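start08.cif (mmCIF, C-alpha atoms)
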data_upload
#
loop_
_atom_site.label_atom_id
_atom_site.label_comp_id
_atom_site.auth_asym_id
_atom_site.auth_seq_id
_atom_site.Cartn_x
_atom_site.Cartn_y
_atom_site.Cartn_z
CA MET A 1 0.00 0.00 0.00
CA ASN A 2 1.36 3.43 -0.99
CA SER A 3 1.11 5.72 2.02
CA LYS A 4 3.06 8.57 0.45
CA LYS A 5 1.05 11.79 0.60
CA LYS A 6 0.62 13.88 -2.51
CA LYS A 7 2.45 17.18 -2.57
CA LEU A 8 0.30 20.30 -2.52
CA LEU A 9 1.41 21.53 -5.95
CA ASP A 10 0.67 18.10 -7.46
CA ILE A 11 -2.85 18.32 -6.03
CA VAL A 12 -3.18 21.79 -7.56
CA ARG A 13 -2.10 20.47 -10.97
CA GLU A 14 -4.54 17.57 -10.80
CA LYS A 15 -7.45 19.83 -9.84
CA ILE A 16 -6.64 22.25 -12.66
CA ARG A 17 -6.66 19.40 -15.17
CA LEU A 18 -9.96 18.07 -13.82
CA LYS A 19 -11.44 21.51 -14.44
CA HIS A 20 -10.08 21.52 -18.03
CA TYR A 21 -7.95 24.64 -17.53
CA SER A 22 -5.24 25.25 -20.11
CA TYR A 23 -1.62 24.26 -19.64
CA SER A 24 -0.60 27.94 -19.53
CA THR A 25 -3.09 28.54 -16.69
CA GLU A 26 -1.69 25.51 -14.89
CA ARG A 27 1.87 26.85 -15.11
CA THR A 28 0.79 30.34 -14.03
CA TYR A 29 -1.22 29.16 -11.00
CA VAL A 30 1.45 26.72 -9.84
CA TYR A 31 4.12 29.43 -10.17
CA TRP A 32 2.25 32.01 -8.08
CA ILE A 33 1.19 29.52 -5.41
CA LYS A 34 4.82 28.43 -5.10
CA GLN A 35 5.96 32.09 -4.82
CA TYR A 36 3.34 32.69 -2.14
CA ILE A 37 4.57 29.73 -0.09
CA LEU A 38 8.23 30.76 -0.48
CA PHE A 39 7.39 34.35 0.53
CA HIS A 40 6.00 33.02 3.81
CA ASN A 41 9.06 30.84 4.51
CA LYS A 42 7.53 27.62 3.16
CA LYS A 43 4.60 27.59 5.57
CA HIS A 44 1.66 25.48 4.44
CA PRO A 45 -1.13 27.75 3.10
CA ILE A 46 -3.60 26.18 5.54
CA GLU A 47 -1.73 28.13 8.25
CA LEU A 48 -1.90 31.39 6.28
CA GLU A 49 -4.88 33.70 6.34
CA LYS A 50 -6.21 37.03 5.05
CA GLU A 51 -3.30 39.21 6.20
CA HIS A 52 -0.76 36.85 4.63
CA ILE A 53 -2.44 37.19 1.23
CA GLU A 54 -2.51 40.97 1.63
CA GLN A 55 1.20 41.05 2.50
CA PHE A 56 2.10 39.00 -0.56
CA LEU A 57 -0.04 40.99 -3.02
CA THR A 58 1.19 44.31 -1.61
CA LYS A 59 4.79 43.16 -1.97
CA LEU A 60 4.14 42.34 -5.63
CA ALA A 61 2.73 45.83 -6.23
CA VAL A 62 5.18 47.91 -4.17
CA LYS A 63 8.50 46.06 -4.29
CA ASP A 64 8.28 44.00 -7.48
CA LYS A 65 6.26 46.68 -9.33
CA ILE A 66 4.44 44.11 -11.44
CA SER A 67 1.61 45.10 -13.77
CA PRO A 68 -2.03 45.07 -12.65
CA THR A 69 -2.70 42.14 -15.00
CA THR A 70 0.10 40.05 -13.50
CA GLN A 71 -0.97 40.93 -9.96
CA ASN A 72 -4.53 39.84 -10.79
CA GLN A 73 -3.15 36.54 -12.10
CA ALA A 74 -1.39 35.98 -8.77
CA PHE A 75 -4.59 36.81 -6.87
CA SER A 76 -6.61 34.42 -9.06
CA ALA A 77 -4.10 31.66 -8.31
CA LEU A 78 -4.53 32.21 -4.56
CA LEU A 79 -8.31 32.27 -4.89
CA PHE A 80 -8.10 28.91 -6.67
CA LEU A 81 -5.81 27.54 -3.96
CA TYR A 82 -8.05 28.50 -1.04
CA ARG A 83 -11.40 27.73 -2.63
CA GLU A 84 -10.70 24.67 -4.73
CA ILE A 85 -7.83 22.98 -2.87
CA LEU A 86 -8.14 24.02 0.78
CA GLY A 87 -11.92 24.37 0.76
CA ILE A 88 -11.83 27.77 2.48
CA ASP A 89 -14.52 30.36 1.75
CA MET A 90 -12.78 33.72 1.29
CA SER A 91 -15.95 35.74 0.62
CA SER A 92 -15.87 37.39 4.07
CA TRP A 93 -12.13 38.14 4.07
CA ASN A 94 -12.39 41.45 2.17
CA ILE A 95 -8.77 41.46 0.97
CA GLN A 96 -7.32 44.98 1.47
CA ALA A 97 -3.94 44.64 -0.24
CA LEU A 98 -2.61 47.43 -2.41
CA ARG A 99 -3.92 46.27 -5.76
CA ALA A 100 -3.66 48.39 -8.88
CA GLN A 101 -6.76 48.80 -10.99
CA GLU A 102 -6.46 48.18 -14.70
CA ARG A 103 -7.36 51.06 -16.95
CA LYS A 104 -10.07 50.31 -19.47
CA HIS A 105 -8.67 51.15 -22.88
CA ILE A 106 -10.75 51.58 -26.00
CA PRO A 107 -9.53 48.75 -28.23
CA VAL A 108 -7.68 49.47 -31.45
CA VAL A 109 -9.58 48.19 -34.50
CA LEU A 110 -8.88 47.86 -38.19
CA THR A 111 -10.99 49.27 -40.99
CA LYS A 112 -12.35 46.76 -43.52
CA GLU A 113 -9.66 47.92 -45.97
CA GLU A 114 -6.86 47.47 -43.40
CA THR A 115 -8.20 44.04 -42.43
CA ASN A 116 -8.22 42.88 -46.04
CA LYS A 117 -4.67 44.17 -46.54
CA ILE A 118 -3.33 42.10 -43.62
CA LEU A 119 -5.27 39.01 -44.68
CA LEU A 120 -3.79 39.41 -48.16
CA TYR A 121 -0.21 39.37 -46.81
CA ILE A 122 -0.61 36.45 -44.36
CA SER A 123 1.44 33.46 -45.53
CA ASN A 124 -0.61 30.55 -46.90
CA GLU A 125 0.06 28.29 -43.93
CA TYR A 126 -1.50 30.76 -41.49
CA SER A 127 -4.05 32.36 -43.80
CA LEU A 128 -7.04 30.15 -42.93
CA ILE A 129 -6.69 30.45 -39.16
CA THR A 130 -6.30 34.25 -39.43
CA HIS A 131 -9.36 34.52 -41.68
CA LEU A 132 -11.26 32.41 -39.14
CA MET A 133 -10.25 34.66 -36.22
CA TYR A 134 -11.61 37.69 -38.04
CA GLY A 135 -14.56 35.93 -39.69
CA CYS A 136 -15.84 34.47 -36.41
CA GLY A 137 -14.46 36.91 -33.82
CA LEU A 138 -12.36 34.22 -32.14
CA ARG A 139 -9.62 34.58 -29.58
CA MET A 140 -6.42 33.00 -30.86
CA ASN A 141 -6.59 30.11 -28.40
CA GLU A 142 -10.18 29.40 -29.40
CA ALA A 143 -9.15 29.15 -33.05
CA LEU A 144 -6.11 27.01 -32.24
CA ASN A 145 -8.20 24.61 -30.15
CA ILE A 146 -10.80 23.90 -32.83
CA ARG A 147 -10.97 20.18 -33.63
CA ILE A 148 -12.49 18.44 -36.63
CA LYS A 149 -15.56 17.45 -34.59
CA ASP A 150 -16.28 21.14 -33.85
CA LEU A 151 -17.09 21.95 -37.48
CA ASP A 152 -20.75 21.44 -38.40
CA PHE A 153 -20.91 21.73 -42.18
CA GLY A 154 -24.56 20.66 -42.21
CA PHE A 155 -25.79 23.59 -40.12
CA ASP A 156 -22.86 25.86 -41.04
CA LYS A 157 -21.67 26.56 -37.50
CA ILE A 158 -18.56 26.11 -35.40
CA TYR A 159 -18.64 24.96 -31.78
CA ILE A 160 -16.37 26.81 -29.35
CA TRP A 161 -15.79 24.82 -26.15
CA ASP A 162 -14.38 25.92 -22.79
CA SER A 163 -13.41 29.40 -23.92
CA LYS A 164 -11.96 32.03 -21.59
CA SER A 165 -15.31 32.67 -19.91
CA LEU A 166 -15.98 28.89 -19.69
CA LYS A 167 -19.15 29.59 -21.68
CA ASP A 168 -19.60 27.24 -24.62
CA ARG A 169 -21.10 28.79 -27.74
CA THR A 170 -21.53 28.44 -31.49
CA VAL A 171 -20.60 30.94 -34.21
CA PRO A 172 -21.72 31.01 -37.87
CA LEU A 173 -19.31 29.27 -40.23
CA PRO A 174 -18.26 31.84 -42.87
CA GLN A 175 -19.51 30.66 -46.25
CA THR A 176 -16.46 32.11 -48.00
CA LEU A 177 -14.25 29.77 -45.94
CA LYS A 178 -16.36 26.61 -46.23
CA ALA A 179 -14.48 25.07 -49.18
CA LYS A 180 -11.10 25.87 -47.59
CA LEU A 181 -12.20 24.38 -44.25
CA LEU A 182 -13.32 21.18 -45.98
CA GLU A 183 -9.94 21.01 -47.69
CA GLN A 184 -8.16 21.59 -44.37
CA VAL A 185 -10.12 18.73 -42.77
CA LYS A 186 -9.05 16.50 -45.64
CA LYS A 187 -5.38 17.44 -45.06
CA VAL A 188 -5.61 16.79 -41.31
CA LYS A 189 -7.15 13.37 -41.93
CA GLN A 190 -4.24 12.49 -44.21
CA VAL A 191 -1.65 13.67 -41.68
CA HIS A 192 -3.39 11.68 -38.93
CA LYS A 193 -3.44 8.58 -41.13
CA GLU A 194 0.33 8.87 -41.60
CA ASP A 195 0.89 9.41 -37.86
CA MET A 196 -1.13 6.30 -37.03
CA LYS A 197 0.86 4.29 -39.57
CA ASN A 198 4.08 5.46 -37.89
CA GLY A 199 2.93 4.43 -34.41
CA TYR A 200 1.71 7.81 -33.18
CA GLY A 201 -1.60 9.56 -33.90
CA SER A 202 -2.72 10.58 -30.41
CA VAL A 203 -3.84 14.09 -29.49
CA TYR A 204 -4.41 15.90 -26.19
CA ILE A 205 -7.83 15.19 -24.67
CA PRO A 206 -9.18 17.05 -21.60
CA TYR A 207 -8.21 15.20 -18.41
CA ALA A 208 -11.63 13.82 -17.39
CA LEU A 209 -12.56 12.77 -20.93
CA SER A 210 -9.23 11.02 -21.45
CA LYS A 211 -9.97 8.83 -18.43
CA LYS A 212 -13.55 8.12 -19.49
CA TYR A 213 -12.69 7.51 -23.16
CA PRO A 214 -9.06 6.31 -23.27
CA ASN A 215 -9.14 5.62 -27.03
CA ALA A 216 -10.62 8.98 -28.03
CA LYS A 217 -7.16 10.51 -28.41
CA PHE A 218 -6.59 8.31 -31.47
CA GLU A 219 -9.88 9.22 -33.19
CA THR A 220 -9.70 11.44 -36.27
CA LYS A 221 -12.55 13.70 -35.12
CA TRP A 222 -10.52 14.78 -32.05
CA GLN A 223 -7.54 15.96 -34.12
CA TYR A 224 -6.78 19.68 -34.14
CA LEU A 225 -7.89 21.58 -37.24
CA PHE A 226 -4.58 23.46 -37.28
CA PRO A 227 -1.89 20.92 -36.30
CA MET A 228 1.83 21.56 -36.05
CA LYS A 229 4.13 20.35 -38.80
CA SER A 230 6.02 18.10 -36.41
CA LEU A 231 5.28 15.86 -33.44
CA SER A 232 6.18 17.06 -29.95
CA LYS A 233 6.34 15.82 -26.37
CA ASP A 234 3.30 16.61 -24.22
CA PRO A 235 4.65 18.47 -21.13
CA ARG A 236 1.98 16.91 -18.93
CA THR A 237 2.04 13.24 -19.98
CA LYS A 238 5.42 13.15 -21.82
CA GLU A 239 3.61 11.39 -24.68
CA ILE A 240 4.77 12.11 -28.25
CA ARG A 241 1.80 13.56 -30.13
CA ARG A 242 0.77 16.24 -32.62
CA HIS A 243 -0.36 19.47 -30.97
CA HIS A 244 -1.93 22.54 -32.56
CA LEU A 245 0.07 25.43 -34.03
CA HIS A 246 2.03 27.48 -31.52
CA PRO A 247 0.36 30.84 -30.73
CA GLN A 248 3.68 32.72 -30.90
CA THR A 249 4.25 31.45 -34.45
CA VAL A 250 0.80 32.61 -35.56
CA GLY A 251 1.28 35.96 -33.80
CA ARG A 252 4.67 36.48 -35.46
CA ASN A 253 3.17 35.88 -38.91
CA ILE A 254 0.38 38.39 -38.23
CA LYS A 255 2.99 40.96 -37.22
CA VAL A 256 4.98 40.36 -40.43
CA ALA A 257 1.81 40.71 -42.51
CA ALA A 258 0.99 44.04 -40.80
CA GLN A 259 4.49 45.31 -41.62
CA LYS A 260 4.10 44.29 -45.27
CA ALA A 261 0.74 46.08 -45.34
CA LYS A 262 2.56 49.18 -44.03
CA LEU A 263 0.10 49.71 -41.16
CA THR A 264 1.14 52.03 -38.32
CA LYS A 265 -1.37 50.55 -35.86
CA ARG A 266 -0.18 47.99 -33.32
CA VAL A 267 -1.53 44.76 -34.76
CA THR A 268 -1.93 41.60 -32.64
CA SER A 269 -4.12 38.54 -33.07
CA HIS A 270 -6.77 40.08 -30.79
CA ILE A 271 -7.27 43.06 -33.10
CA PHE A 272 -9.23 40.76 -35.44
CA ARG A 273 -11.73 40.00 -32.66
CA HIS A 274 -12.12 43.71 -31.88
CA SER A 275 -12.53 44.48 -35.58
CA TYR A 276 -15.11 41.71 -36.01
CA ALA A 277 -17.30 43.11 -33.21
CA THR A 278 -16.94 46.70 -34.41
CA HIS A 279 -17.74 45.87 -38.03
CA LEU A 280 -20.84 43.91 -36.96
CA LEU A 281 -22.00 46.87 -34.87
CA GLN A 282 -21.43 49.22 -37.81
CA ASN A 283 -23.54 46.91 -39.98
CA GLY A 284 -26.49 47.16 -37.60
CA ILE A 285 -26.13 43.91 -35.61
CA ASP A 286 -27.54 44.45 -32.12
CA LEU A 287 -25.31 44.46 -29.04
CA ARG A 288 -26.99 41.43 -27.42
CA THR A 289 -26.30 39.25 -30.47
CA ILE A 290 -22.66 40.40 -30.59
CA GLN A 291 -22.34 39.57 -26.89
CA GLU A 292 -23.49 35.99 -27.58
CA LEU A 293 -21.18 35.64 -30.58
CA LEU A 294 -18.16 36.83 -28.57
CA GLY A 295 -19.06 34.72 -25.53
CA HIS A 296 -19.04 37.65 -23.10
CA LYS A 297 -20.66 36.97 -19.73
CA SER A 298 -21.92 40.53 -19.42
CA VAL A 299 -23.23 42.95 -22.03
CA GLU A 300 -21.18 45.67 -20.26
CA THR A 301 -18.04 44.03 -21.66
CA THR A 302 -19.45 44.16 -25.18
CA MET A 303 -20.48 47.81 -24.78
CA ILE A 304 -16.85 48.88 -25.17
CA TYR A 305 -17.41 48.54 -28.93
CA THR A 306 -20.12 51.21 -28.86
CA HIS A 307 -17.38 53.56 -27.61
CA VAL A 308 -15.17 52.45 -30.52
CA VAL A 309 -17.91 53.31 -33.03
CA ALA A 310 -18.56 56.61 -31.22
CA GLU A 311 -14.86 57.46 -31.57
CA MET A 312 -15.04 56.69 -35.28
CA ASN A 313 -18.09 58.91 -35.66
CA LYS A 314 -16.17 61.85 -34.17
CA SER A 315 -14.24 62.04 -37.43
CA LYS A 316 -17.48 63.07 -39.12
CA VAL A 317 -17.89 66.05 -36.80
CA PHE A 318 -16.49 69.34 -38.09
CA SER A 319 -14.69 71.83 -35.90
CA PRO A 320 -16.55 75.17 -35.64
CA LEU A 321 -13.47 76.72 -37.31
CA ASP A 322 -14.11 74.61 -40.41
CA MET A 323 -17.82 75.36 -40.68
#
Please lay out the structure from this file as structure tokens.
Amino acid sequence: MNSKKKKLLDIVREKIRLKHYSYSTERTYVYWIKQYILFHNKKHPIELEKEHIEQFLTKLAVKDKISPTTQNQAFSALLFLYREILGIDMSSWNIQALRAQERKHIPVVLTKEETNKILLYISNEYSLITHLMYGCGLRMNEALNIRIKDLDFGFDKIYIWDSKSLKDRTVPLPQTLKAKLLEQVKKVKQVHKEDMKNGYGSVYIPYALSKKYPNAKFETKWQYLFPMKSLSKDPRTKEIRRHHLHPQTVGRNIKVAAQKAKLTKRVTSHIFRHSYATHLLQNGIDLRTIQELLGHKSVETTMIYTHVVAEMNKSKVFSPLDM
């Protein structure tokens, strides 16, 4: 009988995987929980309370001078630790650490002409995924995580699972991309066939599903729509498998395309999502529908695009000097 107790960070990793959180979230949470424990001289978190969290978060803000986003990541990791692992309700703690508030910026968007310019200069290998990000308003990770089974060519829709807000949704499949998506599925099936012939062919499956359906990882329908060229080692299981394209590679190609298009705006993958929402709003699509398409929990989040359109409309206003 194995009486060896699991280490706290191993329990954290297991819980994160059970909840289908991404590998990047797993690394981030484990890192900040470890830093928290080290900051308090390796005391077990069960012995640490409200004031200890406040001390740690204040130190991050004052001494380490980290950004509000990074500080919020650290706080989210501690919330996960206390609620999900230690079973402690923090709702009455009223954390009073010095925590910077993020400024709400009006997002930068592309005009239709600028969007088409970038899409024109994207290299062939990354063209379809970039068109899909703009055509469906997807976050990069949502596009990268699309699998063959998520494409419904009969009803012309795409299923988006476990997105950032953990709110599953569907988006219309762009008709202009339908033929290219069918061709991409055909290519993926061929690559998977070759992988299976060479003794590989597995793909990452969410933790709980992989236990329930151990053979699902070899099924064609679970393969990523945008796989990498080469096989790689899964950092969690150490299994050799074919993962999806790396986000940094896609982002780098978008940046190169923006430079070729001679745009002065700062262009990232997320600008396509902002542009998608803004262009829909300009075309008369109501805010509630856009909220559903983007997967926002609250319509307040979606309302930022009304400010974008308002800013654009300012250009139509003449100065009294010019009247």
**Prompt:** Taking the file as shown, what set of residues would the PyMOL selection byres ((chain A and resi 273) around 6) give back, as a ChimeraX atom specification?
**Reply:** /A:134,137-138,270-272,274-276
Between atom CA of Thr237 of chain A and atom CA of Ile129 of chain A, what is the distance, to one decimal in Å?
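Separating atom CA of Thr237 of chain A from atom CA of Ile129 of chain A is a distance of 27.2 Å.
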Can you work out which one of A:Thr176, A:Ser298, A:Gln282, A:Thr170 has the shortest atom-to-atom distance to Ala310 of chain A, counting all atoms listed in the file?
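Checking each candidate against Ala310 of chain A, we get A:Gln282 as the closest.
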Residues selected by the PyMOL selection byres ((chain A and resi 281) around 12), written as a PyMOL selection string: chain A and resi 274-280+282-291+302-310
Q) Leaving out Asn145 of chain A and any residue of its chain fewer than 2 positions from it, which residues lie within 12 Å of it when counting all atoms listed in the file, given as a ChimeraX atom specification? A) /A:22,129,133,138-143,147-151,158-164,203-206,222-227,243-247
| field | Hits from the PyMOL selection byres ((chain A and resi 76-91) around 8), listed as a PyMOL selection string | value | chain A and resi 11-12+15+28-30+32-33+46+53+72-75+92-94
Generate the output file for the selected residues, C-alpha atoms, as a short mmCIF file (atom, residue, chain, number, x, y, z; two decimals), in the frame of the given file.
data_model
loop_
_atom_site.label_atom_id
_atom_site.label_comp_id
_atom_site.auth_asym_id
_atom_site.auth_seq_id
_atom_site.Cartn_x
_atom_site.Cartn_y
_atom_site.Cartn_z
CA ILE A 11 -2.85 18.32 -6.03
CA VAL A 12 -3.18 21.79 -7.56
CA LYS A 15 -7.45 19.83 -9.84
CA THR A 28 0.79 30.34 -14.03
CA TYR A 29 -1.22 29.16 -11.00
CA VAL A 30 1.45 26.72 -9.84
CA TRP A 32 2.25 32.01 -8.08
CA ILE A 33 1.19 29.52 -5.41
CA ILE A 46 -3.60 26.18 5.54
CA ILE A 53 -2.44 37.19 1.23
CA ASN A 72 -4.53 39.84 -10.79
CA GLN A 73 -3.15 36.54 -12.10
CA ALA A 74 -1.39 35.98 -8.77
CA PHE A 75 -4.59 36.81 -6.87
CA SER A 92 -15.87 37.39 4.07
CA TRP A 93 -12.13 38.14 4.07
CA ASN A 94 -12.39 41.45 2.17
#
For atom CA of Thr249 of chain A and atom CA of Tyr126 of chain A, the interatomic separation in Å (one decimal):
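Atom CA of Tyr126 of chain A lies 9.1 Å from atom CA of Thr249 of chain A.
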Between atom CA of Ser202 of chain A and atom CA of Lys238 of chain A, measure the distance and give it in Å to one decimal.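 Separation between atom CA of Ser202 of chain A and atom CA of Lys238 of chain A: 12.1 Å.
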Draw an axis-aligned box tight on the listed atoms of segment 105-113 of chain A, then pad every side by 8 Å and write out centre and edge lengths in Å to one decimal as lines of an AutoDock Vina configuration file.
center_x = -10.0
center_y = 49.2
center_z = -34.4
size_x = 20.7
size_y = 20.8
size_z = 39.1
Margin query: Using all atoms listed in the file, can you tell me which of A:Lys7, A:His131, A:Lys59, A:Arg241 comes closest to Gly199 of chain A?
Written below: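 Counting all atoms listed in the file, the residue closest to Gly199 of chain A is A:Arg241.
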Item to check | Spatial neighbours of Glu114 of chain A, max dist 10 Å, only C-alpha atoms, sep filter under 2 positions, as a PyMOL selection string | outcome: chain A and resi 109-112+116-120+258+261-263+265
### Residue neighbourhood Glu54 of chain A, 12 Å, only C-alpha atoms, exclusion window fewer than 5 positions, as JSON, numbers by chain
{"A": [36, 39, 40, 48, 49, 59, 60, 61, 62, 71, 74, 75, 78, 93, 94, 95, 96, 97, 98, 99]}
Kindly output segment 255-267 of chain A as an mmCIF file, keeping the file's coordinate frame, after building N, CA and C atoms.
data_model
loop_
_atom_site.group_PDB
_atom_site.id
_atom_site.type_symbol
_atom_site.label_atom_id
_atom_site.label_comp_id
_atom_site.auth_asym_id
_atom_site.auth_seq_id
_atom_site.Cartn_x
_atom_site.Cartn_y
_atom_site.Cartn_z
ATOM 1 N N LYS A 255 2.168 39.762 -37.334
ATOM 2 C CA LYS A 255 2.990 40.960 -37.220
ATOM 3 C C LYS A 255 3.722 41.247 -38.534
ATOM 4 N N VAL A 256 4.273 40.211 -39.148
ATOM 5 C CA VAL A 256 4.980 40.360 -40.430
ATOM 6 C C VAL A 256 4.025 40.854 -41.507
ATOM 7 N N ALA A 257 2.801 40.302 -41.518
ATOM 8 C CA ALA A 257 1.810 40.710 -42.510
ATOM 9 C C ALA A 257 1.426 42.182 -42.339
ATOM 10 N N ALA A 258 1.320 42.638 -41.085
ATOM 11 C CA ALA A 258 0.990 44.040 -40.800
ATOM 12 C C ALA A 258 2.102 44.973 -41.287
ATOM 13 N N GLN A 259 3.347 44.510 -41.144
ATOM 14 C CA GLN A 259 4.490 45.310 -41.620
ATOM 15 C C GLN A 259 4.484 45.408 -43.145
ATOM 16 N N LYS A 260 4.168 44.294 -43.807
ATOM 17 C CA LYS A 260 4.100 44.290 -45.270
ATOM 18 C C LYS A 260 2.969 45.184 -45.773
ATOM 19 N N ALA A 261 1.883 45.235 -44.970
ATOM 20 C CA ALA A 261 0.740 46.080 -45.340
ATOM 21 C C ALA A 261 0.982 47.545 -45.020
ATOM 22 N N LYS A 262 2.156 47.809 -44.378
ATOM 23 C CA LYS A 262 2.560 49.180 -44.030
ATOM 24 C C LYS A 262 1.549 49.887 -43.108
ATOM 25 N N LEU A 263 1.034 49.126 -42.123
ATOM 26 C CA LEU A 263 0.100 49.710 -41.160
ATOM 27 C C LEU A 263 0.886 50.273 -39.966
ATOM 28 N N THR A 264 0.465 51.424 -39.478
ATOM 29 C CA THR A 264 1.140 52.030 -38.320
ATOM 30 C C THR A 264 0.480 51.629 -37.009
ATOM 31 N N LYS A 265 -0.689 51.011 -37.074
ATOM 32 C CA LYS A 265 -1.370 50.550 -35.860
ATOM 33 C C LYS A 265 -0.634 49.334 -35.280
ATOM 34 N N ARG A 266 -0.743 49.186 -33.965
ATOM 35 C CA ARG A 266 -0.180 47.990 -33.320
ATOM 36 C C ARG A 266 -1.126 46.821 -33.569
ATOM 37 N N VAL A 267 -0.673 45.865 -34.350
ATOM 38 C CA VAL A 267 -1.530 44.760 -34.760
ATOM 39 C C VAL A 267 -1.139 43.480 -34.020
#
